[in-house]
Structures are given as structure tokens and as C-alpha cells.
>>> print(open('model_37.txt').read())   # compact mmCIF, C-alpha atoms and all ligand atoms
# COMPACT_ATOMS: atom_id res chain seq x y z
CA MET A 981 -10.93 -26.56 6.99
CA SER A 982 -10.14 -23.02 8.07
CA ALA A 983 -6.80 -21.53 9.03
CA PRO A 984 -7.05 -20.81 12.75
CA GLY A 985 -8.23 -17.29 13.45
CA VAL A 986 -9.74 -16.82 9.99
CA ASP A 987 -13.49 -16.40 9.51
CA ALA A 988 -14.74 -19.85 8.42
CA ARG A 989 -17.32 -18.73 5.90
CA ALA A 990 -15.16 -18.27 2.84
CA ARG A 991 -16.81 -17.19 -0.40
CA PHE A 992 -15.95 -18.50 -3.85
CA ARG A 993 -13.20 -15.89 -4.04
CA GLU A 994 -12.69 -12.92 -1.75
CA ALA A 995 -10.22 -10.59 -0.13
CA LEU A 996 -11.13 -10.42 3.53
CA VAL A 997 -9.92 -7.17 5.09
CA ASP A 998 -9.69 -6.93 8.85
CA LEU A 999 -10.28 -3.29 9.73
CA ASP A 1000 -9.36 -3.89 13.35
CA ALA A 1001 -5.94 -5.02 12.15
CA ILE A 1002 -5.59 -1.73 10.22
CA ARG A 1003 -6.66 0.28 13.26
CA ASP A 1004 -4.34 -1.65 15.58
CA ASN A 1005 -1.38 -1.47 13.19
CA VAL A 1006 -1.80 2.29 12.90
CA ALA A 1007 -2.11 2.63 16.68
CA THR A 1008 1.09 0.60 17.14
CA LEU A 1009 2.96 2.74 14.62
CA VAL A 1010 1.56 5.98 16.03
CA ARG A 1011 2.93 5.06 19.47
CA GLN A 1012 6.33 4.32 17.97
CA VAL A 1013 6.71 7.53 16.01
CA ALA A 1014 5.36 9.96 18.63
CA PRO A 1015 5.75 12.86 19.01
CA ALA A 1016 5.68 12.88 15.20
CA SER A 1017 2.18 12.60 13.72
CA ALA A 1018 1.14 9.89 11.28
CA MET A 1019 -0.30 10.10 7.79
CA ALA A 1020 -1.98 6.90 6.60
CA VAL A 1021 -1.18 6.45 2.92
CA VAL A 1022 -4.33 5.14 1.24
CA LYS A 1023 -3.41 5.64 -2.42
CA ALA A 1024 -4.16 2.94 -4.99
CA ASP A 1025 -7.40 2.07 -3.18
CA ALA A 1026 -5.46 1.67 0.06
CA TYR A 1027 -2.98 -0.75 -1.53
CA GLY A 1028 -5.93 -2.78 -2.79
CA HIS A 1029 -7.66 -2.96 0.61
CA GLY A 1030 -10.37 -0.33 -0.08
CA ALA A 1031 -9.65 3.37 0.48
CA VAL A 1032 -12.75 4.52 2.35
CA PRO A 1033 -13.04 1.80 5.01
CA VAL A 1034 -9.26 1.75 5.47
CA ALA A 1035 -9.11 5.53 5.84
CA ARG A 1036 -11.75 5.38 8.56
CA ALA A 1037 -9.97 2.54 10.38
CA ALA A 1038 -6.63 4.36 10.15
CA LEU A 1039 -8.12 7.55 11.57
CA ALA A 1040 -9.64 5.46 14.39
CA GLY A 1041 -6.15 4.13 15.06
CA GLY A 1042 -4.77 7.63 15.50
CA ALA A 1043 -3.60 8.71 12.04
CA ARG A 1044 -4.06 12.49 11.80
CA TRP A 1045 -3.52 12.76 8.06
CA LEU A 1046 -4.41 10.81 4.93
CA GLY A 1047 -2.15 10.65 1.89
CA VAL A 1048 -2.93 9.75 -1.72
CA ALA A 1049 -1.16 10.05 -5.03
CA ASP A 1050 -3.89 11.44 -7.30
CA LEU A 1051 -6.30 14.24 -6.60
CA ALA A 1052 -9.21 12.03 -7.76
CA GLU A 1053 -8.40 9.64 -4.91
CA ALA A 1054 -8.61 12.53 -2.45
CA VAL A 1055 -11.93 13.71 -3.88
CA ALA A 1056 -13.38 10.19 -3.53
CA LEU A 1057 -12.47 10.26 0.16
CA ARG A 1058 -14.03 13.70 0.59
CA ASP A 1059 -17.17 12.47 -1.24
CA ALA A 1060 -17.38 9.68 1.33
CA GLY A 1061 -17.52 12.31 4.06
CA ILE A 1062 -13.95 12.00 5.31
CA ASP A 1063 -12.75 15.42 6.40
CA ALA A 1064 -9.29 14.67 7.85
CA PRO A 1065 -6.28 16.65 6.60
CA MET A 1066 -5.34 15.13 3.26
CA LEU A 1067 -2.41 15.42 0.88
CA ALA A 1068 -2.29 14.48 -2.84
CA TRP A 1069 1.12 14.60 -4.51
CA LEU A 1070 1.11 13.30 -8.09
CA HIS A 1071 -0.60 15.53 -10.63
CA ASP A 1072 -1.69 15.46 -14.24
CA PRO A 1073 0.44 18.05 -16.10
CA ASP A 1074 -2.80 19.74 -17.22
CA ALA A 1075 -4.48 19.56 -13.83
CA SER A 1076 -6.40 22.53 -12.59
CA PHE A 1077 -6.51 22.68 -8.86
CA GLU A 1078 -9.81 24.46 -8.11
CA THR A 1079 -11.37 21.25 -6.85
CA ALA A 1080 -8.46 20.66 -4.48
CA VAL A 1081 -8.83 24.15 -3.05
CA GLU A 1082 -12.61 23.83 -2.75
CA ARG A 1083 -12.41 20.38 -1.17
CA ASP A 1084 -9.63 21.30 1.26
CA VAL A 1085 -7.06 18.94 -0.19
CA ASP A 1086 -3.42 19.87 0.40
CA LEU A 1087 -1.26 19.62 -2.71
CA GLY A 1088 2.24 18.28 -3.06
CA VAL A 1089 4.13 20.73 -5.27
CA SER A 1090 7.02 19.56 -7.40
CA SER A 1091 7.65 22.57 -9.67
CA ILE A 1092 7.26 26.31 -10.00
CA ASP A 1093 4.69 25.66 -12.76
CA GLN A 1094 2.58 23.70 -10.28
CA LEU A 1095 2.90 26.54 -7.77
CA ALA A 1096 1.62 28.95 -10.39
CA ALA A 1097 -1.30 26.66 -11.27
CA ILE A 1098 -2.20 26.30 -7.61
CA ALA A 1099 -2.06 30.05 -7.05
CA GLU A 1100 -4.29 30.56 -10.10
CA ALA A 1101 -6.81 28.07 -8.67
CA ALA A 1102 -6.74 29.84 -5.31
CA ALA A 1103 -7.39 33.19 -6.99
CA SER A 1104 -10.31 31.77 -8.97
CA VAL A 1105 -11.91 30.03 -5.95
CA GLY A 1106 -11.21 32.99 -3.66
CA ARG A 1107 -9.50 30.85 -1.01
CA ARG A 1108 -5.91 30.06 -0.10
CA ALA A 1109 -4.47 26.83 -1.47
CA ARG A 1110 -2.44 24.66 0.88
CA ALA A 1111 0.86 23.42 -0.51
CA HIS A 1112 3.57 21.03 0.62
CA LEU A 1113 6.74 21.82 -1.33
CA LYS A 1114 8.57 18.69 -2.36
CA ILE A 1115 12.34 18.67 -2.70
CA ASP A 1116 14.04 15.86 -4.61
CA THR A 1117 16.70 14.70 -2.14
CA GLY A 1118 17.89 11.79 -4.24
CA LEU A 1119 15.05 9.57 -5.42
CA SER A 1120 15.07 11.31 -8.81
CA ARG A 1121 11.32 11.03 -9.25
CA ASN A 1122 9.22 14.16 -8.77
CA GLY A 1123 10.02 17.00 -6.40
CA VAL A 1124 11.78 20.27 -7.14
CA ALA A 1125 15.37 19.69 -8.26
CA PRO A 1126 17.91 21.04 -5.74
CA GLU A 1127 19.15 23.66 -8.21
CA ALA A 1128 15.62 25.04 -8.62
CA TRP A 1129 14.76 24.97 -4.90
CA LYS A 1130 15.85 28.51 -4.07
CA ASP A 1131 13.58 29.93 -6.78
CA ALA A 1132 10.74 27.65 -5.72
CA VAL A 1133 10.81 28.72 -2.07
CA ALA A 1134 11.13 32.40 -3.07
CA THR A 1135 8.10 32.05 -5.37
CA ALA A 1136 6.16 30.21 -2.66
CA ALA A 1137 7.01 32.88 -0.10
CA ARG A 1138 5.77 35.58 -2.48
CA LEU A 1139 2.50 33.71 -3.16
CA GLN A 1140 2.08 33.19 0.56
CA ALA A 1141 2.55 36.92 1.18
CA GLU A 1142 -0.08 37.60 -1.51
CA GLY A 1143 -2.50 35.38 0.39
CA LEU A 1144 -2.86 32.83 -2.41
CA VAL A 1145 -0.88 29.89 -1.05
CA GLU A 1146 -0.18 28.63 2.44
CA VAL A 1147 3.02 26.58 2.55
CA ARG A 1148 1.88 24.05 5.09
CA GLY A 1149 4.59 21.50 4.50
CA VAL A 1150 8.00 20.76 3.08
CA PHE A 1151 8.63 17.13 2.20
CA SER A 1152 10.68 14.57 0.37
CA HIS A 1153 10.83 10.78 0.01
CA LEU A 1154 13.58 8.35 0.96
CA ALA A 1155 14.92 5.75 -1.46
CA ASN A 1156 15.61 3.35 1.46
CA THR A 1157 18.81 2.29 -0.26
CA SER A 1158 21.38 2.12 2.53
CA ALA A 1159 22.14 3.85 5.83
CA LYS A 1160 24.71 6.02 4.06
CA GLU A 1161 22.37 7.05 1.25
CA ASP A 1162 19.50 7.70 3.67
CA ALA A 1163 21.84 9.94 5.67
CA ALA A 1164 22.79 11.83 2.50
CA GLN A 1165 19.11 12.37 1.71
CA LEU A 1166 18.45 13.64 5.23
CA ALA A 1167 21.38 16.05 4.87
CA ALA A 1168 19.96 17.31 1.56
CA PHE A 1169 16.57 17.70 3.26
CA GLU A 1170 18.16 19.81 6.01
CA VAL A 1171 19.72 22.08 3.37
CA ALA A 1172 16.33 22.48 1.69
CA LEU A 1173 14.62 23.24 5.02
CA ALA A 1174 17.23 25.87 5.81
CA ALA A 1175 16.65 27.52 2.41
CA ALA A 1176 12.88 27.49 2.98
CA SER A 1177 13.40 29.10 6.35
CA ALA A 1178 15.75 31.71 4.86
CA ALA A 1179 12.99 32.56 2.37
CA GLY A 1180 10.67 33.24 5.30
CA LEU A 1181 8.70 29.98 5.23
CA ASP A 1182 7.79 28.22 8.47
CA PRO A 1183 5.93 25.05 7.46
CA GLU A 1184 3.71 23.28 9.99
CA VAL A 1185 4.92 19.81 8.89
CA ARG A 1186 8.25 18.58 7.58
CA HIS A 1187 8.09 14.98 6.35
CA ILE A 1188 10.33 12.52 4.55
CA ALA A 1189 9.84 9.05 6.12
CA SER A 1190 7.58 6.28 4.88
CA THR A 1191 7.11 3.08 6.93
CA ALA A 1192 10.74 1.93 6.64
CA GLY A 1193 12.22 5.23 7.79
CA ALA A 1194 9.57 5.68 10.46
CA LEU A 1195 10.52 2.32 11.99
CA ARG A 1196 14.28 2.19 11.59
CA LEU A 1197 15.46 5.76 11.16
CA PRO A 1198 14.09 7.86 14.04
CA GLU A 1199 15.90 10.98 12.83
CA SER A 1200 13.80 10.85 9.66
CA ARG A 1201 10.50 11.27 11.51
CA TYR A 1202 10.47 15.08 11.75
CA ASP A 1203 6.86 16.29 12.33
CA LEU A 1204 5.01 13.68 10.28
CA VAL A 1205 5.61 10.20 8.85
CA ARG A 1206 3.75 8.83 5.83
CA LEU A 1207 2.80 5.26 6.62
CA GLY A 1208 1.63 2.99 3.84
CA ILE A 1209 2.59 -0.66 3.94
CA GLY A 1210 2.92 -0.80 7.73
CA CYS A 1211 -0.77 0.11 8.12
CA TYR A 1212 -1.60 -3.02 6.13
CA GLY A 1213 0.57 -5.21 8.36
CA ILE A 1214 3.21 -5.94 5.75
CA PRO A 1215 6.88 -5.33 6.61
CA PRO A 1216 8.63 -2.83 4.33
CA PHE A 1217 12.14 -4.23 4.59
CA GLY A 1218 12.32 -7.35 2.41
CA ASP A 1219 14.94 -8.79 4.77
CA GLY A 1220 12.92 -11.54 6.42
CA THR A 1221 11.53 -9.30 9.18
CA THR A 1222 7.99 -10.52 9.84
CA ALA A 1223 4.86 -8.55 10.65
CA ALA A 1224 4.86 -10.12 14.12
CA ASP A 1225 8.45 -8.92 14.66
CA LEU A 1226 7.11 -5.40 14.16
CA GLY A 1227 4.02 -5.91 16.33
CA LEU A 1228 1.81 -5.75 13.21
CA ARG A 1229 -0.69 -8.11 11.64
CA PRO A 1230 -1.56 -8.46 7.97
CA ALA A 1231 -4.99 -7.02 7.29
CA MET A 1232 -5.79 -8.84 4.05
CA THR A 1233 -6.55 -12.53 3.62
CA LEU A 1234 -6.95 -13.62 0.00
CA ARG A 1235 -8.95 -16.79 -0.14
CA GLY A 1236 -11.54 -18.82 -1.97
CA ARG A 1237 -13.23 -22.20 -2.03
CA VAL A 1238 -12.05 -25.31 -3.79
CA ALA A 1239 -13.98 -25.52 -7.06
CA ALA A 1240 -13.09 -29.11 -8.06
CA VAL A 1241 -11.06 -32.07 -6.82
CA ARG A 1242 -9.41 -34.67 -9.05
CA ARG A 1243 -7.45 -37.83 -8.27
CA ILE A 1244 -4.76 -38.35 -10.91
CA ASP A 1245 -2.26 -41.09 -11.71
CA ALA A 1246 1.52 -40.82 -11.76
CA GLY A 1247 2.69 -39.23 -15.02
CA THR A 1248 -0.47 -37.19 -15.56
CA GLY A 1249 0.16 -33.61 -16.63
CA ALA A 1250 -1.78 -30.68 -15.21
CA SER A 1251 -2.65 -27.17 -16.45
CA TYR A 1252 -1.38 -25.50 -19.64
CA GLY A 1253 1.70 -26.91 -21.29
CA HIS A 1254 1.84 -29.72 -18.75
CA ALA A 1255 4.63 -27.78 -17.07
CA TRP A 1256 4.09 -30.14 -14.13
CA ARG A 1257 3.40 -33.89 -14.09
CA ALA A 1258 2.46 -35.98 -11.08
CA GLU A 1259 5.32 -38.14 -9.83
CA ARG A 1260 2.86 -40.44 -8.07
CA THR A 1261 -0.86 -40.86 -7.69
CA THR A 1262 -2.11 -37.73 -6.02
CA THR A 1263 -5.07 -35.42 -5.48
CA LEU A 1264 -5.34 -31.99 -7.07
CA ALA A 1265 -7.59 -29.20 -5.81
CA LEU A 1266 -8.73 -26.46 -8.18
CA VAL A 1267 -8.59 -22.91 -6.77
CA PRO A 1268 -10.82 -20.36 -8.54
CA LEU A 1269 -8.37 -17.45 -8.62
CA GLY A 1270 -5.95 -16.65 -11.40
CA TYR A 1271 -3.90 -13.93 -12.95
CA ALA A 1272 -7.06 -11.99 -13.84
CA ASP A 1273 -7.46 -11.66 -10.09
CA GLY A 1274 -3.88 -10.54 -9.57
CA VAL A 1275 -2.45 -13.95 -8.68
CA PRO A 1276 0.94 -13.74 -10.39
CA ARG A 1277 1.52 -16.34 -13.10
CA GLN A 1278 5.20 -15.95 -12.28
CA ALA A 1279 4.51 -17.82 -9.02
CA SER A 1280 3.44 -20.98 -10.93
CA GLY A 1281 5.09 -23.99 -9.36
CA ARG A 1282 6.66 -21.86 -6.62
CA ALA A 1283 3.99 -20.50 -4.28
CA GLU A 1284 2.07 -22.28 -1.56
CA VAL A 1285 -1.45 -21.97 -0.17
CA TRP A 1286 -3.08 -23.03 3.08
CA LEU A 1287 -5.53 -25.86 2.40
CA ALA A 1288 -6.87 -28.81 4.38
CA GLY A 1289 -4.87 -27.94 7.46
CA ALA A 1290 -1.44 -27.49 5.87
CA ARG A 1291 0.61 -25.50 3.40
CA ARG A 1292 0.39 -27.07 -0.05
CA PRO A 1293 2.30 -26.41 -3.26
CA VAL A 1294 0.81 -24.66 -6.27
CA VAL A 1295 1.51 -26.97 -9.22
CA GLY A 1296 1.40 -26.34 -12.96
CA ARG A 1297 0.77 -22.98 -14.57
CA ILE A 1298 -1.46 -20.43 -12.91
CA ALA A 1299 -4.16 -19.60 -15.48
CA MET A 1300 -6.42 -16.59 -15.87
CA ASP A 1301 -9.14 -17.80 -13.51
CA GLN A 1302 -7.76 -20.80 -11.69
CA PHE A 1303 -4.80 -22.85 -10.55
CA LEU A 1304 -4.07 -26.25 -9.04
CA VAL A 1305 -2.77 -27.33 -5.67
CA ASP A 1306 -1.28 -30.75 -4.89
CA VAL A 1307 -2.73 -32.19 -1.69
CA GLY A 1308 -1.14 -35.64 -1.98
CA ASP A 1309 -3.22 -38.33 -0.30
CA ASP A 1310 -4.87 -35.97 2.16
CA GLU A 1311 -8.56 -35.40 2.17
CA VAL A 1312 -9.93 -32.35 0.44
CA ALA A 1313 -13.46 -31.58 -0.72
CA VAL A 1314 -15.14 -29.21 -3.12
CA GLY A 1315 -16.09 -26.11 -1.11
CA ASP A 1316 -13.14 -26.28 1.30
CA GLU A 1317 -11.56 -22.97 2.17
CA VAL A 1318 -8.21 -22.23 0.56
CA VAL A 1319 -6.10 -19.30 1.75
CA LEU A 1320 -3.54 -17.89 -0.68
CA PHE A 1321 -2.11 -15.45 1.81
CA GLY A 1322 -3.04 -13.89 5.11
CA ASP A 1323 -1.56 -13.73 8.58
CA PRO A 1324 1.35 -16.18 8.78
CA ALA A 1325 0.55 -16.59 12.48
CA THR A 1326 -2.41 -18.72 11.27
CA GLY A 1327 -0.14 -20.98 9.21
CA ALA A 1328 -1.07 -19.34 5.92
CA PRO A 1329 1.60 -17.89 3.61
CA SER A 1330 2.12 -14.12 3.78
CA ALA A 1331 1.81 -11.64 0.92
CA ASP A 1332 5.61 -11.45 1.09
CA ASP A 1333 5.84 -15.24 0.57
CA TRP A 1334 3.87 -14.76 -2.66
CA GLY A 1335 6.10 -11.80 -3.47
CA ASP A 1336 9.17 -14.02 -3.11
CA ALA A 1337 7.54 -16.71 -5.26
CA ALA A 1338 6.84 -14.17 -8.00
CA ASP A 1339 10.11 -12.21 -7.76
CA THR A 1340 8.28 -9.16 -6.48
CA ILE A 1341 7.26 -7.59 -3.17
CA GLY A 1342 4.28 -7.94 -0.85
CA TYR A 1343 3.24 -4.39 -1.80
CA GLU A 1344 2.56 -5.50 -5.37
CA ILE A 1345 0.81 -8.71 -4.36
CA VAL A 1346 -1.90 -6.94 -2.31
CA THR A 1347 -2.22 -3.91 -4.60
CA ARG A 1348 -2.77 -5.92 -7.76
CA ILE A 1349 -5.76 -7.97 -6.52
CA GLY A 1350 -8.27 -7.47 -9.33
CA PRO A 1351 -11.78 -6.05 -9.34
CA ARG A 1352 -13.38 -9.51 -9.73
CA VAL A 1353 -12.38 -10.32 -6.16
CA PRO A 1354 -14.92 -8.83 -3.77
CA ARG A 1355 -13.46 -7.11 -0.72
CA ARG A 1356 -15.25 -8.18 2.44
CA TYR A 1357 -14.71 -6.33 5.68
CA VAL A 1358 -14.56 -7.60 9.22
CA GLY A 1359 -14.02 -5.43 12.29
CA GLY A 1360 -14.30 -1.64 12.28
CA SER A 1361 -17.14 0.07 14.00
C1 LIG B 1401 5.43 9.81 -1.45
C2 LIG B 1401 5.12 8.56 -0.68
N1 LIG B 1401 5.09 8.61 0.67
C3 LIG B 1401 4.83 7.52 1.41
C4 LIG B 1401 4.58 6.29 0.83
C5 LIG B 1401 4.30 5.10 1.70
O1 LIG B 1401 5.36 4.18 1.63
P1 LIG B 1401 5.31 2.80 2.44
O2 LIG B 1401 4.17 2.05 1.88
O3 LIG B 1401 6.62 2.16 2.16
O4 LIG B 1401 5.11 3.17 3.88
C6 LIG B 1401 4.60 6.20 -0.57
C7 LIG B 1401 4.37 4.89 -1.21
O5 LIG B 1401 4.98 4.45 -2.12
C8 LIG B 1401 4.89 7.35 -1.33
O6 LIG B 1401 4.91 7.30 -2.68
>>> encode(input="model_37.txt", output="C-alpha cells")
Amino acid sequence: MSAPGVDARARFREALVDLDAIRDNVATLVRQVAPASAMAVVKADAYGHGAVPVARAALAGGARWLGVADLAEAVALRDAGIDAPMLAWLHDPDASFETAVERDVDLGVSSIDQLAAIAEAAASVGRRARAHLKIDTGLSRNGVAPEAWKDAVATAARLQAEGLVEVRGVFSHLANTSAKEDAAQLAAFEVALAAASAAGLDPEVRHIASTAGALRLPESRYDLVRLGIGCYGIPPFGDGTTAADLGLRPAMTLRGRVAAVRRIDAGTGASYGHAWRAERTTTLALVPLGYADGVPRQASGRAEVWLAGARRPVVGRIAMDQFLVDVGDDEVAVGDEVVLFGDPATGAPSADDWGDAADTIGYEIVTRIGPRVPRRYVGGS
């Protein structure tokens, strides 16, 4: 029995990705952040959804830019024929940037050493490199430290005058900690922008907001917002706000087919360690997904799935390849569709529900789905 609205032909195990949902989510977010432009963040294989099809759907929805962490992710998108403006921001300390320059990939720059390496690559390729200078405004990850910023912008301005580097952007990243701390980061960003301007830089795009800032902190939108989780229809806030509240719909449905059904007596233990025992005679359904597929073992005995027309509890320990669901006295058959998470509007749990069950966040739930689970795409043109 299928959750309403979900394609009925489930495979043994699969992650169904609705590309129309991606496109529509991006279009919804693009309308909200205008006149700022949108970058769809498709790092980590588009949060597990599949970078190339997601990138295409996001561009169809109105994203003007694509963002990734690693240069290799950007090159894979270029190899697939995607020529949208693209930014990569997390680099191997020994990286050489010739490929980025040749393949027209903008580079996030977090240090003067990186600026030098980028300029060297530009000189060797014979083409200007495009850089977005990153200032650390309080997340304490990468980005130029505030005390080194003046030197960084002076160096960048010199390299720009020499024709080696074009400073196309200045950016930072919010910690989304509290209104007060966000405001402090924005103030630090303003100071950094003023210093860049004083050094003679006039970047095309200033950007600091990810999905959370883009939605709830309009003053953080500047020229460009970097939208990750919102594109996938998962709320960024962790405060009970649903996708529907934001006008979004989850793009990924993780599902499979019941592999076995067993009627057991009261007192019977199930799965490793018999961490769960039946309190009464009941029916168990075996779901062929486990922690090898990214289903968190931590959610054992806590999560729910959609099966046989209702939400049902996961019982006993989640194993590497499989776990059990208690369906009571209801009817369930081998081959029935079971949905771990999808669009809660269909009755299924959300990725965030699984995040809560595993003491993590929806981001991690979708991103960790393993390679054994085929991605299947619906929608898109
Ligand atoms: C630098 C940067 N920008 C934007 C994003 C997108 O964030 P979100 O998925 O919360 O929209 C990320 C993701 O972690 C990021 O690392």
C-alpha cells in the first residue's frame, strides 16, 4: 500500500528524488530572496540527492549559481556539461588551481597563501582566476581571520591590478546561533566589505546567508544567497517549522519493499540482543535497509516508517542491511512498499523525524544515504 502521492512501484530499496520538487523549491526561494540571486548548494552529491540532476533542476527553478565544497565536485558538474557560474570553497592545502581556472570555476579564498596559489595558476594558464574572498565573521572555520583581512584585500587588489585575479565576490557564513550573534556577524561582514572597498575592490557579489538567513534574516541576503537544505525541501531551523510552513516539499523519499513477514508470540525477542520483545502476539515486517545504507542505528526503537496505510514503529536494533517494524494485527505482505521518510503531507515521516529519532538533523539523514541505495528520479525535463 502506497503513501498517497508517492509513485507506487517501489523497488527493493531506493531513494526516489522528485526533481520537480527541487525546481519548485528553488523557484519559491528565488521569489522570496529577490532581488538577491540564488546559488543552489549541491555539494556532497547534492546532499545525497545526486549533484548533476539536482543542479539542472535547480537551474531550471531559477538558481543563477551553483556552489560546492570541493573543486572535484565542480569539475564533475562541468564534465556533465553544466556551465552555470560555480563556486568551490574548501581546498586541499596542496591544491593547484589550474583546472579551476581552465574550467571556469570560481574559488573561495580563505588565506593569502591560497591567493598566491590561485595567481600562480592564472599565470600558468594565461587567464584570470576568479576569486571570492572569504572573511571569518565568527564561525571560526575557514575564511581569512579579521586581523589578516587588510593584508588579504591589499594582496587581492594588487593581483587584480596585475590581471591575474578577478575578485568577483566577498563572502562569509553565518553560524545561525541567535539573532544577536547573527547581527554581530553581519556587522563584522560590513567592516570587511568596507575594508575591501577601501582597498579598491568592487565585488560583483557579496554573500553570507544560507537557507536559514535567506528565509528569516532579510538583511543577510546582500547580492546572493547560498541555498542548500531549502532546495531539498527540508527546513533548516530545527524548531518544528515544517516544509509546508515554508512552501517547500521534500524531494527525497527513502523507501523499499517488505522482504519478509513473521507472526510472533508474546515474549519473543527480535533482532540483535533482543533489545525488544513482543508484549503480545504481533506481526513483524522486515525492511531491507540498514546502517550500511545510512539508516542510523541510533534510531533503533525510536523511528517510525509508513507501512500498510499507517505510521508504524521500528522495533529492535537496526542492523547493517535490515530492520523490523511492528504492524500489530494489521495485514502486511512481502513486497509491500515501506517508506522510511518522504513528504510528511503523504503521512510518511520526514527526514527531520528520523533526525530527531537519531539525535541528529535532517541534513545528515539525507546526506548519509549509502551507495547501495539506487537514486531514482521522477520529474525534471
Ligand atoms: C559555505 C556554505 N554555504 C552555504 C551552505 C548551505 O547551507 P544550508 O544547507 O543550510 O542552506 C553550506 C552548507 O553547509 C555551506 O557550507
>>> closest_residue(input="model_37.txt", among="A:Arg1355, A:Arg1292, A:Lys1023, A:Arg1058", to="ligand LIG 1401 (chain B)", atoms="all atoms listed in the file")
A:Lys1023
>>> residues_near_ligand(input="model_37.txt", ligand="ligand LIG 1401 (chain B)", cutoff="6 Å", atoms="all atoms listed in the file", output="NGL selection string")
:A and (1021 or 1153 or 1190-1191 or 1206-1210 or 1216)
>>> write_last_selection(input="model_37.txt", atoms="C-alpha atoms", output="short mmCIF file (atom, residue, chain, number, x, y, z; two decimals), keeping the file's coordinate frame")
data_model
loop_
_atom_site.label_atom_id
_atom_site.label_comp_id
_atom_site.auth_asym_id
_atom_site.auth_seq_id
_atom_site.Cartn_x
_atom_site.Cartn_y
_atom_site.Cartn_z
CA VAL A 1021 -1.18 6.45 2.92
CA HIS A 1153 10.83 10.78 0.01
CA SER A 1190 7.58 6.28 4.88
CA THR A 1191 7.11 3.08 6.93
CA ARG A 1206 3.75 8.83 5.83
CA LEU A 1207 2.80 5.26 6.62
CA GLY A 1208 1.63 2.99 3.84
CA ILE A 1209 2.59 -0.66 3.94
CA GLY A 1210 2.92 -0.80 7.73
CA PRO A 1216 8.63 -2.83 4.33
#
>>> closest_residue(input="model_37.txt", among="A:Ala1224, A:Ala995, A:Ile1188, A:Ala1239", to="A:Asp1323", atoms="all atoms listed in the file")
A:Ala1224
>>> closest_residue(input="model_37.txt", among="A:Ile1092, A:Ala1325, A:Ala1265, A:Val1314", to="A:Gln1302", atoms="only C-alpha atoms")
A:Ala1265
>>> closest_residue(input="model_37.txt", among="A:Pro1198, A:Arg1108, A:Asp1093, A:Asp1000", to="A:Ala1080", atoms="all atoms listed in the file")
A:Arg1108
>>> closest_residue(input="model_37.txt", among="A:Tyr1271, A:Val1318, A:Gly1047, A:Met1300", to="A:Leu1287", atoms="all atoms listed in the file")
A:Val1318
>>> residues_near_point(input="model_37.txt", point="(8.1, 35.9, -5.3)", cutoff="12 Å", atoms="only C-alpha atoms", output="VMD selection string")
chain A and resid 1092 1095 to 1096 1099 1130 to 1142 1144 to 1145 1179 to 1180
>>> write_last_selection(input="model_37.txt", atoms="C-alpha atoms", output="compact mmCIF listing (two decimals), keeping the file's coordinate frame")
# COMPACT_ATOMS: atom_id res chain seq x y z
CA ILE A 1092 7.26 26.31 -10.00
CA LEU A 1095 2.90 26.54 -7.77
CA ALA A 1096 1.62 28.95 -10.39
CA ALA A 1099 -2.06 30.05 -7.05
CA LYS A 1130 15.85 28.51 -4.07
CA ASP A 1131 13.58 29.93 -6.78
CA ALA A 1132 10.74 27.65 -5.72
CA VAL A 1133 10.81 28.72 -2.07
CA ALA A 1134 11.13 32.40 -3.07
CA THR A 1135 8.10 32.05 -5.37
CA ALA A 1136 6.16 30.21 -2.66
CA ALA A 1137 7.01 32.88 -0.10
CA ARG A 1138 5.77 35.58 -2.48
CA LEU A 1139 2.50 33.71 -3.16
CA GLN A 1140 2.08 33.19 0.56
CA ALA A 1141 2.55 36.92 1.18
CA GLU A 1142 -0.08 37.60 -1.51
CA LEU A 1144 -2.86 32.83 -2.41
CA VAL A 1145 -0.88 29.89 -1.05
CA ALA A 1179 12.99 32.56 2.37
CA GLY A 1180 10.67 33.24 5.30
>>> residues_around(input="model_37.txt", residues="A:Trp1256", least_positions_apart="5", cutoff="8 Å", atoms="only C-alpha atoms", output="ChimeraX atom specification")
/A:1249-1251,1281,1295-1297
>>> atom_distance(input="model_37.txt", atom1="atom CA of A:Pro1215", atom2="atom CA of A:His1029")
15.9 Å
